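Just below is one structure, and these are the notes that go with it.
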Amino acid sequence: MLRPLQSLRRLYPGKLPWLFIAVGLATLVIQFNPHWRDGLIYDRTVLPSGQYWRIWTGHLVHFGWPHFLADAGLFMIMGGLLEARHKRFSRWALLLMPAFISAIIYYFDPSMVRYGGLSAVNLGLLLYLAAQGWQRQWSDWFWPAVLVIYVGEIIFEIIQGGRGGGMIQFDDPSIQVATNAHVASAAYALIAWAIAALQNKITATVDGR
């Protein structure tokens, strides 16, 4: 019974990111129960009727195991990094970012009827982590490279017109890459980064007095 805990300790040498682990387990349970998809996925046609839980649960639904493994794997890896370095941001982001992304899709992309997956949340978390890392060390090439890859991914999606899943094969051929969701997550991450930078500046000014 100790082996799973030992594996977690190797992945997260610091404090375990229990909130990320809980979300990851929730996505796994949903993946093992595909008949739950229709009741949990983001579906703009039923949101006006009061099914607001889909604003959050839609991000936990994935279209096939390749989609799940790619999204959940990156999510769990970033969980350890964010909990160790940006705990406050990561916990608020898990609550607010899914709703922010869903709201952007609902109001600005009426053609997107259904949406599922952690990819947009992942990209928002990654962008914030990269922006903070680059701010700490402007001469470090790694974080700018991450940001370039992020922007390149969005540009590629736009050029492709959101068709298909890139290297990921969805189990529903009608599903397209949700570029607007990724742009929304980028906006959330940049807003959060700007607020954090402003707070740090104010704190430094006060302490300097």
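Simple scheme: letters A, B, ... for chains in structure tokens order, numbers from 1 for residues in each chain, numbers from 1 for ligands in the order shown.
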
Strand (DSSP E or B) call set, DSSP backbone run, range 19-149 of chain A, as number ranges by chain | A: 42-43, 114-115

Output the selection as a PDB file, in the first residue's frame - C-alpha atoms for each residue.
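What follows is the written file out.pdb:
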```
ATOM      1  CA  TYR A  42     -19.630  22.026 -21.462  1.00  0.00           C
ATOM      2  CA  ASP A  43     -22.766  22.339 -23.602  1.00  0.00           C
ATOM      3  CA  ARG A 114     -19.426  21.539 -26.802  1.00  0.00           C
ATOM      4  CA  TYR A 115     -16.061  21.779 -25.117  1.00  0.00           C
TER       5      TYR A 115
END
```

Enumerate, in order of chain and increasing residue number, the residues of range 30-94 of chain A with an atom no farther than 12 Å from range 191-195 of chain A, each with its shortest atom pair and distance in Å to one decimal, counting only C-alpha atoms, as CSV.
```
residue,atom,partner,partner_atom,distance
A:His86,CA,A:Trp193,CA,10.9
A:Arg88,CA,A:Ala192,CA,11.0
A:Phe89,CA,A:Ala192,CA,7.8
A:Ser90,CA,A:Ala192,CA,10.4
A:Trp92,CA,A:Ala192,CA,10.0
A:Ala93,CA,A:Ala192,CA,8.9
```

Saved selection, atoms kept: N, CA and C atoms, as a compact mmCIF listing (two decimals), in the first residue's frame:
```txt
# COMPACT_ATOMS: atom_id res chain seq x y z
N HIS A 86 3.99 28.74 -6.63
CA HIS A 86 2.90 29.71 -6.77
C HIS A 86 1.59 29.10 -6.24
N ARG A 88 -0.72 30.14 -4.10
CA ARG A 88 -1.93 30.97 -4.08
C ARG A 88 -2.53 31.09 -5.48
N PHE A 89 -1.67 31.36 -6.47
CA PHE A 89 -2.17 31.47 -7.85
C PHE A 89 -2.81 30.17 -8.30
N SER A 90 -2.14 29.04 -8.07
CA SER A 90 -2.63 27.77 -8.60
C SER A 90 -3.98 27.40 -8.03
N TRP A 92 -6.35 29.46 -6.74
CA TRP A 92 -7.38 30.34 -7.30
C TRP A 92 -7.63 30.03 -8.76
N ALA A 93 -6.56 29.68 -9.49
CA ALA A 93 -6.70 29.39 -10.92
C ALA A 93 -7.57 28.17 -11.16
```

Tell me, as JSON, numbers by chain, which residues lie within 12 Å of Ala84 in chain A, counting only C-alpha atoms; anything in the same chain fewer than 4 positions away does not count.
-> {"A": [12, 13, 14, 15, 16, 17, 18, 77, 78, 79, 80, 88, 89, 90, 91, 129]}

Generate the output file for the selected residues, N, CA and C atoms, as a PDB file, in the first residue's frame.
```pdb
ATOM      1  N   TYR A  12       6.736  14.321  -6.580  1.00  0.00           N
ATOM      2  CA  TYR A  12       6.620  15.586  -5.849  1.00  0.00           C
ATOM      3  C   TYR A  12       7.470  15.508  -4.591  1.00  0.00           C
ATOM      4  N   PRO A  13       8.757  15.858  -4.681  1.00  0.00           N
ATOM      5  CA  PRO A  13       9.629  15.762  -3.510  1.00  0.00           C
ATOM      6  C   PRO A  13       9.230  16.698  -2.381  1.00  0.00           C
ATOM      7  N   GLY A  14       8.494  17.775  -2.695  1.00  0.00           N
ATOM      8  CA  GLY A  14       8.015  18.690  -1.672  1.00  0.00           C
ATOM      9  C   GLY A  14       6.654  18.261  -1.157  1.00  0.00           C
ATOM     10  N   LYS A  15       5.857  19.240  -0.761  1.00  0.00           N
ATOM     11  CA  LYS A  15       4.519  18.959  -0.273  1.00  0.00           C
ATOM     12  C   LYS A  15       3.633  18.497  -1.419  1.00  0.00           C
ATOM     13  N   LEU A  16       2.851  17.465  -1.186  1.00  0.00           N
ATOM     14  CA  LEU A  16       2.000  16.926  -2.251  1.00  0.00           C
ATOM     15  C   LEU A  16       0.920  17.934  -2.659  1.00  0.00           C
ATOM     16  N   PRO A  17       0.726  18.137  -3.958  1.00  0.00           N
ATOM     17  CA  PRO A  17      -0.309  19.061  -4.435  1.00  0.00           C
ATOM     18  C   PRO A  17      -1.670  18.374  -4.443  1.00  0.00           C
ATOM     19  N   TRP A  18      -2.271  18.263  -3.260  1.00  0.00           N
ATOM     20  CA  TRP A  18      -3.477  17.449  -3.118  1.00  0.00           C
ATOM     21  C   TRP A  18      -4.628  17.942  -3.979  1.00  0.00           C
ATOM     22  N   ILE A  77       2.025  17.055 -13.691  1.00  0.00           N
ATOM     23  CA  ILE A  77       3.420  17.493 -13.602  1.00  0.00           C
ATOM     24  C   ILE A  77       3.491  18.945 -13.134  1.00  0.00           C
ATOM     25  N   MET A  78       2.663  19.794 -13.721  1.00  0.00           N
ATOM     26  CA  MET A  78       2.684  21.204 -13.339  1.00  0.00           C
ATOM     27  C   MET A  78       2.167  21.419 -11.929  1.00  0.00           C
ATOM     28  N   GLY A  79       1.350  20.497 -11.441  1.00  0.00           N
ATOM     29  CA  GLY A  79       0.822  20.636 -10.086  1.00  0.00           C
ATOM     30  C   GLY A  79       1.920  20.776  -9.053  1.00  0.00           C
ATOM     31  N   GLY A  80       2.949  19.924  -9.156  1.00  0.00           N
ATOM     32  CA  GLY A  80       4.049  19.994  -8.202  1.00  0.00           C
ATOM     33  C   GLY A  80       4.816  21.297  -8.299  1.00  0.00           C
ATOM     34  N   ARG A  88      -0.721  30.135  -4.102  1.00  0.00           N
ATOM     35  CA  ARG A  88      -1.925  30.975  -4.083  1.00  0.00           C
ATOM     36  C   ARG A  88      -2.528  31.093  -5.481  1.00  0.00           C
ATOM     37  N   PHE A  89      -1.672  31.360  -6.472  1.00  0.00           N
ATOM     38  CA  PHE A  89      -2.171  31.466  -7.846  1.00  0.00           C
ATOM     39  C   PHE A  89      -2.808  30.170  -8.299  1.00  0.00           C
ATOM     40  N   SER A  90      -2.140  29.043  -8.071  1.00  0.00           N
ATOM     41  CA  SER A  90      -2.627  27.771  -8.604  1.00  0.00           C
ATOM     42  C   SER A  90      -3.984  27.397  -8.029  1.00  0.00           C
ATOM     43  N   ARG A  91      -4.197  27.655  -6.750  1.00  0.00           N
ATOM     44  CA  ARG A  91      -5.472  27.275  -6.139  1.00  0.00           C
ATOM     45  C   ARG A  91      -6.619  28.160  -6.622  1.00  0.00           C
ATOM     46  N   LEU A 129       3.477  30.120 -15.297  1.00  0.00           N
ATOM     47  CA  LEU A 129       4.731  29.587 -14.769  1.00  0.00           C
ATOM     48  C   LEU A 129       5.915  30.103 -15.576  1.00  0.00           C
TER      49      LEU A 129
END
```

Judged by only C-alpha atoms, the minimum distance to Ile41 in chain A among A:Gln169, A:Thr57, A:Ser174, A:Asn200 is found for A:Thr57

Could you pull out the residues in range 19-154 of chain A that DSSP calls helix (DSSP H, G or I) from the backbone, as number ranges by chain?
-> A: 19-31, 34-40, 47-49, 54-60, 65-85, 87-108, 119-136, 142-154

Please identify all polymer residues within 10 Å of range 20-29 of chain A, counting only C-alpha atoms, omitting same-chain residues fewer than 4 positions from it, and present them as a ChimeraX atom specification.
-> /A:8,16,33-34,36,57,59-62,65,68-69,71-73,75-80,82-83,90-91,94,117-118

Just give me the gap between CA of Gly133 in chain A and CA of Thr179 in chain A in Å, one decimal is fine.
-> 24.7 Å

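Proximity to Ser185 in chain A was assessed for A:Ile101, A:Leu40, A:Ala197, A:Met112 counting only C-alpha atoms; the smallest distance is recorded for A:Ile101.
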
Kindly give the distance, in Å, that separates CA of Pro98 in chain A and CA of His182 in chain A, rounded to a single decimal.
->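 That distance, rounded to one decimal, is 11.1 Å.
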